[in-house]
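**Student:** File name entry-v5.pdb; file contents PDB, C-alpha atoms; full text below.
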MODEL        1
ATOM      1  CA  GLN F   1      -6.787  19.274   8.386  1.00  0.00           C
ATOM      2  CA  LYS F   2      -4.839  18.100   5.367  1.00  0.00           C
ATOM      3  CA  GLU F   3      -6.327  18.862   1.963  1.00  0.00           C
ATOM      4  CA  VAL F   4      -5.979  15.217   0.961  1.00  0.00           C
ATOM      5  CA  GLU F   5      -6.142  12.246   3.329  1.00  0.00           C
ATOM      6  CA  GLN F   6      -4.979   8.767   2.408  1.00  0.00           C
ATOM      7  CA  ASP F   7      -4.633   5.706   4.615  1.00  0.00           C
ATOM      8  CA  PRO F   8      -0.917   4.832   4.673  1.00  0.00           C
ATOM      9  CA  GLY F   9      -1.453   1.081   5.050  1.00  0.00           C
ATOM     10  CA  PRO F  10       0.305  -1.233   4.602  1.00  0.00           C
ATOM     11  CA  LEU F  11      -2.509  -3.179   3.031  1.00  0.00           C
ATOM     12  CA  SER F  12      -1.833  -6.884   2.503  1.00  0.00           C
ATOM     13  CA  VAL F  13      -4.081  -8.980   0.278  1.00  0.00           C
ATOM     14  CA  PRO F  14      -3.831 -12.441  -1.314  1.00  0.00           C
ATOM     15  CA  GLU F  15      -3.232 -12.763  -5.026  1.00  0.00           C
ATOM     16  CA  GLY F  16      -6.458 -12.487  -7.015  1.00  0.00           C
ATOM     17  CA  ALA F  17      -8.231 -10.280  -4.476  1.00  0.00           C
ATOM     18  CA  ILE F  18     -10.034  -7.058  -5.295  1.00  0.00           C
ATOM     19  CA  VAL F  19      -8.216  -4.100  -3.780  1.00  0.00           C
ATOM     20  CA  SER F  20      -9.871  -0.829  -2.830  1.00  0.00           C
ATOM     21  CA  LEU F  21      -7.698   2.231  -2.249  1.00  0.00           C
ATOM     22  CA  ASN F  22      -9.255   5.489  -1.118  1.00  0.00           C
ATOM     23  CA  CYS F  23      -8.640   9.198  -0.641  1.00  0.00           C
ATOM     24  CA  THR F  24     -10.762  11.919   0.855  1.00  0.00           C
ATOM     25  CA  TYR F  25     -10.317  15.614   0.248  1.00  0.00           C
ATOM     26  CA  SER F  26     -11.610  18.853   1.663  1.00  0.00           C
ATOM     27  CA  ASN F  27     -11.277  21.315  -1.239  1.00  0.00           C
ATOM     28  CA  SER F  28     -14.471  21.303  -3.284  1.00  0.00           C
ATOM     29  CA  ALA F  29     -12.641  23.162  -6.090  1.00  0.00           C
ATOM     30  CA  PHE F  30     -10.631  20.070  -7.036  1.00  0.00           C
ATOM     31  CA  GLN F  31     -11.730  18.940 -10.472  1.00  0.00           C
ATOM     32  CA  TYR F  32      -8.928  16.694 -11.712  1.00  0.00           C
ATOM     33  CA  PHE F  33      -8.066  13.425 -10.031  1.00  0.00           C
ATOM     34  CA  MET F  34      -5.141  11.110 -10.572  1.00  0.00           C
ATOM     35  CA  TRP F  35      -3.812   7.821  -9.282  1.00  0.00           C
ATOM     36  CA  TYR F  36      -0.137   6.939  -9.419  1.00  0.00           C
ATOM     37  CA  ARG F  37       1.730   3.725  -8.731  1.00  0.00           C
ATOM     38  CA  GLN F  38       5.209   4.012  -7.266  1.00  0.00           C
ATOM     39  CA  TYR F  39       7.642   1.143  -6.980  1.00  0.00           C
ATOM     40  CA  SER F  40      10.469   1.353  -4.475  1.00  0.00           C
ATOM     41  CA  ARG F  41      13.178   3.819  -5.519  1.00  0.00           C
ATOM     42  CA  LYS F  42      11.287   4.811  -8.668  1.00  0.00           C
ATOM     43  CA  GLY F  43       9.246   7.818  -9.686  1.00  0.00           C
ATOM     44  CA  PRO F  44       5.433   7.690  -9.577  1.00  0.00           C
ATOM     45  CA  GLU F  45       3.787   6.285 -12.699  1.00  0.00           C
ATOM     46  CA  LEU F  46       0.417   7.624 -13.828  1.00  0.00           C
ATOM     47  CA  LEU F  47      -2.294   4.955 -13.699  1.00  0.00           C
ATOM     48  CA  MET F  48      -5.572   6.823 -14.034  1.00  0.00           C
ATOM     49  CA  TYR F  49      -6.681  10.376 -14.739  1.00  0.00           C
ATOM     50  CA  THR F  50     -10.236  11.622 -14.507  1.00  0.00           C
ATOM     51  CA  TYR F  51     -12.005  14.956 -14.282  1.00  0.00           C
ATOM     52  CA  SER F  52     -15.595  14.061 -13.594  1.00  0.00           C
ATOM     53  CA  SER F  53     -17.672  12.115 -11.136  1.00  0.00           C
ATOM     54  CA  GLY F  54     -18.330   8.496 -11.915  1.00  0.00           C
ATOM     55  CA  ASN F  55     -16.220   5.532 -12.939  1.00  0.00           C
ATOM     56  CA  LYS F  56     -13.369   5.139 -15.396  1.00  0.00           C
ATOM     57  CA  GLU F  57     -12.028   1.719 -16.263  1.00  0.00           C
ATOM     58  CA  ASP F  58      -8.668   0.676 -17.738  1.00  0.00           C
ATOM     59  CA  GLY F  59      -7.966  -3.036 -17.738  1.00  0.00           C
ATOM     60  CA  ARG F  60      -7.902  -4.289 -14.164  1.00  0.00           C
ATOM     61  CA  PHE F  61      -8.078  -0.749 -12.763  1.00  0.00           C
ATOM     62  CA  THR F  62     -11.191   1.307 -12.074  1.00  0.00           C
ATOM     63  CA  ALA F  63     -11.100   4.866 -10.770  1.00  0.00           C
ATOM     64  CA  GLN F  64     -14.180   6.196  -9.040  1.00  0.00           C
ATOM     65  CA  VAL F  65     -14.885   9.820  -8.129  1.00  0.00           C
ATOM     66  CA  ASP F  66     -17.681  11.009  -5.864  1.00  0.00           C
ATOM     67  CA  LYS F  67     -17.467  14.797  -5.752  1.00  0.00           C
ATOM     68  CA  SER F  68     -20.500  15.155  -3.507  1.00  0.00           C
ATOM     69  CA  SER F  69     -18.742  13.124  -0.807  1.00  0.00           C
ATOM     70  CA  LYS F  70     -15.241  14.397  -1.714  1.00  0.00           C
ATOM     71  CA  TYR F  71     -14.076  10.823  -2.020  1.00  0.00           C
ATOM     72  CA  ILE F  72     -12.110   8.993  -4.684  1.00  0.00           C
ATOM     73  CA  SER F  73     -11.245   5.323  -5.024  1.00  0.00           C
ATOM     74  CA  LEU F  74      -9.050   3.060  -7.078  1.00  0.00           C
ATOM     75  CA  PHE F  75     -10.114  -0.565  -7.490  1.00  0.00           C
ATOM     76  CA  ILE F  76      -7.709  -3.247  -8.646  1.00  0.00           C
ATOM     77  CA  ARG F  77      -9.275  -6.500  -9.828  1.00  0.00           C
ATOM     78  CA  ASP F  78      -7.453  -9.823  -9.877  1.00  0.00           C
ATOM     79  CA  SER F  79      -4.531  -8.327  -7.984  1.00  0.00           C
ATOM     80  CA  GLN F  80      -1.061  -9.653  -8.789  1.00  0.00           C
ATOM     81  CA  PRO F  81       2.203  -9.674  -6.810  1.00  0.00           C
ATOM     82  CA  SER F  82       3.499  -7.177  -9.387  1.00  0.00           C
ATOM     83  CA  ASP F  83       0.857  -4.730  -8.114  1.00  0.00           C
ATOM     84  CA  SER F  84       2.779  -4.491  -4.842  1.00  0.00           C
ATOM     85  CA  ALA F  85       3.741  -0.833  -4.644  1.00  0.00           C
ATOM     86  CA  THR F  86       2.747   2.457  -3.066  1.00  0.00           C
ATOM     87  CA  TYR F  87      -0.330   4.086  -4.595  1.00  0.00           C
ATOM     88  CA  LEU F  88      -0.660   7.854  -4.522  1.00  0.00           C
ATOM     89  CA  CYS F  89      -3.755   9.869  -5.191  1.00  0.00           C
ATOM     90  CA  ALA F  90      -3.436  13.417  -6.512  1.00  0.00           C
ATOM     91  CA  MET F  91      -5.809  16.201  -7.409  1.00  0.00           C
ATOM     92  CA  SER F  92      -5.796  19.719  -8.764  1.00  0.00           C
ATOM     93  CA  GLU F  93      -8.036  22.721  -9.325  1.00  0.00           C
ATOM     94  CA  ARG F  94      -8.957  23.856 -12.811  1.00  0.00           C
ATOM     95  CA  GLY F  95      -6.419  26.263 -14.269  1.00  0.00           C
ATOM     96  CA  THR F  96      -3.955  26.097 -11.387  1.00  0.00           C
ATOM     97  CA  TYR F  97      -0.459  24.723 -11.560  1.00  0.00           C
ATOM     98  CA  LYS F  98      -0.523  22.949  -8.236  1.00  0.00           C
ATOM     99  CA  TYR F  99      -1.130  19.278  -7.659  1.00  0.00           C
ATOM    100  CA  ILE F 100      -1.894  18.033  -4.164  1.00  0.00           C
ATOM    101  CA  PHE F 101      -0.855  14.501  -3.290  1.00  0.00           C
ATOM    102  CA  GLY F 102      -1.932  12.038  -0.658  1.00  0.00           C
ATOM    103  CA  THR F 103       0.785  10.444   1.424  1.00  0.00           C
ATOM    104  CA  GLY F 104       0.347   7.106  -0.367  1.00  0.00           C
ATOM    105  CA  THR F 105      -0.911   3.640   0.539  1.00  0.00           C
ATOM    106  CA  ARG F 106       1.530   0.738   0.580  1.00  0.00           C
ATOM    107  CA  LEU F 107       0.011  -2.361  -0.994  1.00  0.00           C
ATOM    108  CA  LYS F 108       1.391  -5.886  -0.717  1.00  0.00           C
ATOM    109  CA  VAL F 109      -0.113  -8.647  -2.839  1.00  0.00           C
ATOM    110  CA  LEU F 110       0.877 -12.033  -1.479  1.00  0.00           C
ATOM    111  CA  ALA F 111       1.461 -14.905  -3.895  1.00  0.00           C
TER
ATOM    112  CA  SER O   1       6.547  10.102 -27.325  1.00  0.00           C
ATOM    113  CA  GLN O   2       7.618  12.244 -24.427  1.00  0.00           C
ATOM    114  CA  THR O   3      10.335  11.179 -22.016  1.00  0.00           C
ATOM    115  CA  ILE O   4      11.841  12.765 -18.948  1.00  0.00           C
ATOM    116  CA  HIS O   5      15.419  12.265 -17.835  1.00  0.00           C
ATOM    117  CA  GLN O   6      16.684  12.986 -14.370  1.00  0.00           C
ATOM    118  CA  TRP O   7      20.198  12.522 -13.040  1.00  0.00           C
ATOM    119  CA  PRO O   8      22.038  11.427 -11.086  1.00  0.00           C
ATOM    120  CA  ALA O   9      19.985   8.561  -9.680  1.00  0.00           C
ATOM    121  CA  THR O  10      21.766   8.637  -6.333  1.00  0.00           C
ATOM    122  CA  LEU O  11      24.001  11.196  -4.704  1.00  0.00           C
ATOM    123  CA  VAL O  12      25.845  11.372  -1.393  1.00  0.00           C
ATOM    124  CA  GLN O  13      27.073  14.807  -0.448  1.00  0.00           C
ATOM    125  CA  PRO O  14      28.634  16.285   2.720  1.00  0.00           C
ATOM    126  CA  VAL O  15      26.931  19.038   4.665  1.00  0.00           C
ATOM    127  CA  GLY O  16      27.853  22.448   3.291  1.00  0.00           C
ATOM    128  CA  SER O  17      28.608  21.237  -0.224  1.00  0.00           C
ATOM    129  CA  PRO O  18      26.788  22.567  -3.313  1.00  0.00           C
ATOM    130  CA  LEU O  19      24.100  20.688  -5.211  1.00  0.00           C
ATOM    131  CA  SER O  20      23.001  20.569  -8.809  1.00  0.00           C
ATOM    132  CA  LEU O  21      20.287  18.197 -10.040  1.00  0.00           C
ATOM    133  CA  GLU O  22      19.259  18.273 -13.659  1.00  0.00           C
ATOM    134  CA  CYS O  23      16.090  17.301 -15.454  1.00  0.00           C
ATOM    135  CA  THR O  24      15.323  17.357 -19.164  1.00  0.00           C
ATOM    136  CA  VAL O  25      12.168  16.555 -21.094  1.00  0.00           C
ATOM    137  CA  GLU O  26      12.091  15.290 -24.665  1.00  0.00           C
ATOM    138  CA  GLY O  27       9.285  15.146 -27.189  1.00  0.00           C
ATOM    139  CA  THR O  28       7.289  18.188 -26.157  1.00  0.00           C
ATOM    140  CA  SER O  29       7.588  21.969 -26.250  1.00  0.00           C
ATOM    141  CA  ASN O  30       6.975  24.516 -23.501  1.00  0.00           C
ATOM    142  CA  PRO O  31       6.174  22.012 -20.781  1.00  0.00           C
ATOM    143  CA  ASN O  32       5.328  23.058 -17.253  1.00  0.00           C
ATOM    144  CA  LEU O  33       8.129  21.704 -15.066  1.00  0.00           C
ATOM    145  CA  TYR O  34       8.131  20.785 -11.400  1.00  0.00           C
ATOM    146  CA  TRP O  35      10.493  19.785  -8.601  1.00  0.00           C
ATOM    147  CA  TYR O  36       9.087  17.729  -5.747  1.00  0.00           C
ATOM    148  CA  ARG O  37      10.726  16.234  -2.677  1.00  0.00           C
ATOM    149  CA  GLN O  38       9.412  13.032  -1.181  1.00  0.00           C
ATOM    150  CA  ALA O  39      10.069  12.079   2.427  1.00  0.00           C
ATOM    151  CA  ALA O  40       8.958   8.793   3.919  1.00  0.00           C
ATOM    152  CA  GLY O  41       5.392   8.976   5.180  1.00  0.00           C
ATOM    153  CA  ARG O  42       5.004  12.617   4.220  1.00  0.00           C
ATOM    154  CA  GLY O  43       3.968  12.490   0.601  1.00  0.00           C
ATOM    155  CA  LEU O  44       5.234  14.749  -2.145  1.00  0.00           C
ATOM    156  CA  GLN O  45       6.208  18.290  -1.268  1.00  0.00           C
ATOM    157  CA  LEU O  46       6.148  20.796  -4.128  1.00  0.00           C
ATOM    158  CA  LEU O  47       9.373  22.808  -4.163  1.00  0.00           C
ATOM    159  CA  PHE O  48       9.307  24.752  -7.438  1.00  0.00           C
ATOM    160  CA  TYR O  49       7.401  24.919 -10.669  1.00  0.00           C
ATOM    161  CA  SER O  50       8.017  26.727 -13.934  1.00  0.00           C
ATOM    162  CA  VAL O  51       5.648  27.639 -16.759  1.00  0.00           C
ATOM    163  CA  GLY O  52       8.349  28.986 -19.061  1.00  0.00           C
ATOM    164  CA  ILE O  53      12.028  29.843 -19.503  1.00  0.00           C
ATOM    165  CA  GLY O  54      13.229  31.974 -16.616  1.00  0.00           C
ATOM    166  CA  GLN O  55       9.865  31.756 -14.823  1.00  0.00           C
ATOM    167  CA  ILE O  56      10.202  30.057 -11.450  1.00  0.00           C
ATOM    168  CA  SER O  57       7.636  29.870  -8.664  1.00  0.00           C
ATOM    169  CA  SER O  58       8.855  28.822  -5.241  1.00  0.00           C
ATOM    170  CA  GLU O  59       6.593  27.024  -2.848  1.00  0.00           C
ATOM    171  CA  VAL O  60       8.949  26.368   0.044  1.00  0.00           C
ATOM    172  CA  PRO O  61      11.420  29.019   1.237  1.00  0.00           C
ATOM    173  CA  GLN O  62      14.669  27.260   2.064  1.00  0.00           C
ATOM    174  CA  ASN O  63      18.221  26.987   0.841  1.00  0.00           C
ATOM    175  CA  LEU O  64      17.225  25.439  -2.484  1.00  0.00           C
ATOM    176  CA  SER O  65      16.796  27.287  -5.767  1.00  0.00           C
ATOM    177  CA  ALA O  66      15.681  26.340  -9.254  1.00  0.00           C
ATOM    178  CA  SER O  67      16.475  27.582 -12.723  1.00  0.00           C
ATOM    179  CA  ARG O  68      15.161  26.946 -16.210  1.00  0.00           C
ATOM    180  CA  PRO O  69      17.872  27.950 -18.662  1.00  0.00           C
ATOM    181  CA  GLN O  70      16.234  26.205 -21.629  1.00  0.00           C
ATOM    182  CA  ASP O  71      12.670  25.290 -22.545  1.00  0.00           C
ATOM    183  CA  ARG O  72      12.991  21.638 -21.555  1.00  0.00           C
ATOM    184  CA  GLN O  73      15.670  21.857 -18.870  1.00  0.00           C
ATOM    185  CA  PHE O  74      15.046  22.349 -15.167  1.00  0.00           C
ATOM    186  CA  ILE O  75      17.803  22.528 -12.565  1.00  0.00           C
ATOM    187  CA  LEU O  76      17.609  22.300  -8.788  1.00  0.00           C
ATOM    188  CA  SER O  77      20.507  23.825  -6.882  1.00  0.00           C
ATOM    189  CA  SER O  78      21.837  24.622  -3.473  1.00  0.00           C
ATOM    190  CA  LYS O  79      24.913  26.554  -2.432  1.00  0.00           C
ATOM    191  CA  LYS O  80      25.279  24.762   0.907  1.00  0.00           C
ATOM    192  CA  LEU O  81      23.460  21.547   1.711  1.00  0.00           C
ATOM    193  CA  LEU O  82      21.908  20.847   5.098  1.00  0.00           C
ATOM    194  CA  LEU O  83      21.247  17.452   6.659  1.00  0.00           C
ATOM    195  CA  SER O  84      17.539  18.173   6.299  1.00  0.00           C
ATOM    196  CA  ASP O  85      17.942  18.358   2.505  1.00  0.00           C
ATOM    197  CA  SER O  86      18.248  14.578   2.340  1.00  0.00           C
ATOM    198  CA  GLY O  87      15.377  12.993   0.462  1.00  0.00           C
ATOM    199  CA  PHE O  88      14.066  11.726  -2.842  1.00  0.00           C
ATOM    200  CA  TYR O  89      13.875  14.509  -5.434  1.00  0.00           C
ATOM    201  CA  LEU O  90      11.473  14.132  -8.321  1.00  0.00           C
ATOM    202  CA  CYS O  91      11.190  16.156 -11.490  1.00  0.00           C
ATOM    203  CA  ALA O  92       7.860  16.190 -13.325  1.00  0.00           C
ATOM    204  CA  TRP O  93       6.257  17.774 -16.366  1.00  0.00           C
ATOM    205  CA  THR O  94       2.840  18.459 -17.800  1.00  0.00           C
ATOM    206  CA  VAL O  95       1.565  20.051 -20.998  1.00  0.00           C
ATOM    207  CA  SER O  96      -1.025  22.205 -19.254  1.00  0.00           C
ATOM    208  CA  PRO O  97      -2.356  22.845 -15.744  1.00  0.00           C
ATOM    209  CA  ASP O  98      -5.377  20.633 -16.494  1.00  0.00           C
ATOM    210  CA  SER O  99      -3.293  17.625 -17.523  1.00  0.00           C
ATOM    211  CA  PRO O 100      -1.700  14.991 -15.296  1.00  0.00           C
ATOM    212  CA  LEU O 101       1.901  15.160 -14.121  1.00  0.00           C
ATOM    213  CA  HIS O 102       4.517  12.774 -15.475  1.00  0.00           C
ATOM    214  CA  PHE O 103       7.507  12.004 -13.293  1.00  0.00           C
ATOM    215  CA  GLY O 104      11.121  11.122 -13.783  1.00  0.00           C
ATOM    216  CA  ASN O 105      12.735   8.339 -11.806  1.00  0.00           C
ATOM    217  CA  GLY O 106      14.091  10.618  -9.137  1.00  0.00           C
ATOM    218  CA  THR O 107      17.377  11.347  -7.390  1.00  0.00           C
ATOM    219  CA  ARG O 108      17.995   9.950  -3.946  1.00  0.00           C
ATOM    220  CA  LEU O 109      20.094  12.512  -2.088  1.00  0.00           C
ATOM    221  CA  THR O 110      21.826  11.699   1.163  1.00  0.00           C
ATOM    222  CA  VAL O 111      23.529  14.537   2.978  1.00  0.00           C
ATOM    223  CA  THR O 112      26.121  13.287   5.470  1.00  0.00           C
TER
ENDMDL
END
Could I get this file's structure written as structure tokens?
**Tutor:**
Amino acid sequence: QKEVEQDPGPLSVPEGAIVSLNCTYSNSAFQYFMWYRQYSRKGPELLMYTYSSGNKEDGRFTAQVDKSSKYISLFIRDSQPSDSATYLCAMSERGTYKYIFGTGTRLKVLA
Amino acid sequence: SQTIHQWPATLVQPVGSPLSLECTVEGTSNPNLYWYRQAAGRGLQLLFYSVGIGQISSEVPQNLSASRPQDRQFILSSKKLLLSDSGFYLCAWTVSPDSPLHFGNGTRLTVT
């Protein structure tokens, strides 16, 4: 079993839709959770960073962490064609130097 | 603000040739530095990380090596490339193990 599972997609949605991207994990020691957006042939760009259960909002993006279920989500409201990219979740244990990544979900927002 | 530079952006090398990829970080001191490789559908594979000059931790035993000759410089090398070394190589940094990673724009390496 992989430490982090992420549906690879692709996920296609119409412009303006609410998008839900998800990751599950098996290591209960993970305390820090990140979401990255990666455009083709570019490095991943940090979107959200959180270290506690609950919701964190930044503009059209909301990150949700449920440690009891070992489940994290990224919601994108009013999705735009420019949101079309691969979204990676990542997580780490407190005090370690290792970050574990999901395989990424490809998102296509259709105009 | 902090920036990370990685070069070259693309590289085509024959099998058996050497490799040197360089990464530098500006605007911060004593960063933790990382090399990842990304293959299609397989996510990011951690290759090396460094918490200080001359301190290198290897995660994947293979024909790659890393060095950190200066505080904000991280180099990925190989003496003889294999076909299986093809991929997208990403350098990243963080200020502490409890902070998020920040990535460069990567080097796409094709070994022919």
**Student:** Identify all residues satisfying the ChimeraX specification (/O :<12) & /F in the given file; provide them as a PDB file with C-alpha atoms, in the frame of the given file.
**Tutor:**
ATOM      1  CA  LYS F   2      -4.839  18.100   5.367  1.00  0.00           C
ATOM      2  CA  VAL F   4      -5.979  15.217   0.961  1.00  0.00           C
ATOM      3  CA  GLU F   5      -6.142  12.246   3.329  1.00  0.00           C
ATOM      4  CA  GLN F   6      -4.979   8.767   2.408  1.00  0.00           C
ATOM      5  CA  ASP F   7      -4.633   5.706   4.615  1.00  0.00           C
ATOM      6  CA  PRO F   8      -0.917   4.832   4.673  1.00  0.00           C
ATOM      7  CA  GLY F   9      -1.453   1.081   5.050  1.00  0.00           C
ATOM      8  CA  PRO F  10       0.305  -1.233   4.602  1.00  0.00           C
ATOM      9  CA  PHE F  30     -10.631  20.070  -7.036  1.00  0.00           C
ATOM     10  CA  GLN F  31     -11.730  18.940 -10.472  1.00  0.00           C
ATOM     11  CA  TYR F  32      -8.928  16.694 -11.712  1.00  0.00           C
ATOM     12  CA  PHE F  33      -8.066  13.425 -10.031  1.00  0.00           C
ATOM     13  CA  MET F  34      -5.141  11.110 -10.572  1.00  0.00           C
ATOM     14  CA  TRP F  35      -3.812   7.821  -9.282  1.00  0.00           C
ATOM     15  CA  TYR F  36      -0.137   6.939  -9.419  1.00  0.00           C
ATOM     16  CA  ARG F  37       1.730   3.725  -8.731  1.00  0.00           C
ATOM     17  CA  GLN F  38       5.209   4.012  -7.266  1.00  0.00           C
ATOM     18  CA  TYR F  39       7.642   1.143  -6.980  1.00  0.00           C
ATOM     19  CA  SER F  40      10.469   1.353  -4.475  1.00  0.00           C
ATOM     20  CA  ARG F  41      13.178   3.819  -5.519  1.00  0.00           C
ATOM     21  CA  LYS F  42      11.287   4.811  -8.668  1.00  0.00           C
ATOM     22  CA  GLY F  43       9.246   7.818  -9.686  1.00  0.00           C
ATOM     23  CA  PRO F  44       5.433   7.690  -9.577  1.00  0.00           C
ATOM     24  CA  GLU F  45       3.787   6.285 -12.699  1.00  0.00           C
ATOM     25  CA  LEU F  46       0.417   7.624 -13.828  1.00  0.00           C
ATOM     26  CA  LEU F  47      -2.294   4.955 -13.699  1.00  0.00           C
ATOM     27  CA  MET F  48      -5.572   6.823 -14.034  1.00  0.00           C
ATOM     28  CA  TYR F  49      -6.681  10.376 -14.739  1.00  0.00           C
ATOM     29  CA  THR F  50     -10.236  11.622 -14.507  1.00  0.00           C
ATOM     30  CA  TYR F  51     -12.005  14.956 -14.282  1.00  0.00           C
ATOM     31  CA  THR F  86       2.747   2.457  -3.066  1.00  0.00           C
ATOM     32  CA  TYR F  87      -0.330   4.086  -4.595  1.00  0.00           C
ATOM     33  CA  LEU F  88      -0.660   7.854  -4.522  1.00  0.00           C
ATOM     34  CA  CYS F  89      -3.755   9.869  -5.191  1.00  0.00           C
ATOM     35  CA  ALA F  90      -3.436  13.417  -6.512  1.00  0.00           C
ATOM     36  CA  MET F  91      -5.809  16.201  -7.409  1.00  0.00           C
ATOM     37  CA  SER F  92      -5.796  19.719  -8.764  1.00  0.00           C
ATOM     38  CA  GLU F  93      -8.036  22.721  -9.325  1.00  0.00           C
ATOM     39  CA  ARG F  94      -8.957  23.856 -12.811  1.00  0.00           C
ATOM     40  CA  GLY F  95      -6.419  26.263 -14.269  1.00  0.00           C
ATOM     41  CA  THR F  96      -3.955  26.097 -11.387  1.00  0.00           C
ATOM     42  CA  TYR F  97      -0.459  24.723 -11.560  1.00  0.00           C
ATOM     43  CA  LYS F  98      -0.523  22.949  -8.236  1.00  0.00           C
ATOM     44  CA  TYR F  99      -1.130  19.278  -7.659  1.00  0.00           C
ATOM     45  CA  ILE F 100      -1.894  18.033  -4.164  1.00  0.00           C
ATOM     46  CA  PHE F 101      -0.855  14.501  -3.290  1.00  0.00           C
ATOM     47  CA  GLY F 102      -1.932  12.038  -0.658  1.00  0.00           C
ATOM     48  CA  THR F 103       0.785  10.444   1.424  1.00  0.00           C
ATOM     49  CA  GLY F 104       0.347   7.106  -0.367  1.00  0.00           C
ATOM     50  CA  THR F 105      -0.911   3.640   0.539  1.00  0.00           C
ATOM     51  CA  ARG F 106       1.530   0.738   0.580  1.00  0.00           C
TER      52      ARG F 106
END
**Student:** Quote the spacing between atom CA of Phe75 of chain F and atom CA of Gly59 of chain F in Å to one decimal place.
**Tutor:**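 Going from atom CA of Phe75 of chain F over to atom CA of Gly59 of chain F covers 10.8 Å.
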**Student:** What does the PyMOL selection byres ((chain O and resi 67-72) around 9) select in this file, as a ChimeraX atom specification?
**Tutor:** /O:23-26,28-33,50,52-56,65-66,73-77
**Student:** Quick check on the file I pasted: which residues fall under the PyMOL selection byres ((chain F and resi 20) around 7)? Write them as number ranges by chain.
**Tutor:** F: 18-19, 21-22, 73-76
**Student:** Using atom CA of Phe48 of chain O and atom CA of Asn63 of chain O as the two end points, give the distance in Å to one decimal.
**Tutor:** 12.4 Å
**Student:** For atom CA of Gly54 of chain F and atom CA of Ser28 of chain F, determine how far apart the two atoms are, in Å to one decimal place.
**Tutor:**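 Atom-to-atom, atom CA of Gly54 of chain F to atom CA of Ser28 of chain F, that is 15.9 Å.
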**Student:** Quick one: everything within 12 Å of Leu81 of chain O, counting all atoms listed in the file, minus sequence neighbours fewer than 5 positions away in the same chain. Send it as JSON, numbers by chain.
**Tutor:** {"O": [12, 13, 14, 15, 16, 17, 18, 19, 20, 62, 63, 64, 65, 86, 87, 109, 110, 111, 112]}
**Student:** From the set F:Ser12, F:Ser53, F:Ser82, F:Thr24, which residue has the shortest atom-to-atom contact distance to Leu107 of chain F, counting all atoms listed in the file?
**Tutor:** F:Ser12
**Student:** Nearest to Ser26 of chain F among F:Glu3, F:Asp83, F:Glu57, F:Asp78, with distances taken over only C-alpha atoms: which residue is it?
**Tutor:** F:Glu3
**Student:** Give me the box for segment 54-73 of chain O as AutoDock Vina command-line options, namely the centre and edge lengths in Å to one decimal of a box along x, y and z that holds every listed atom plus 4 Å on each side.
**Tutor:**
--center_x 12.4 --center_y 26.8 --center_z -10.2 --size_x 19.6 --size_y 18.3 --size_z 32.6
**Student:** Pick from F:Asn27, F:Gly16, F:Lys70, F:Ser84: nearest to Val109 of chain F, with only C-alpha atoms counted?
**Tutor:**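 Ranking F:Asn27, F:Gly16, F:Lys70, F:Ser84 by distance to Val109 of chain F, first place goes to F:Ser84.
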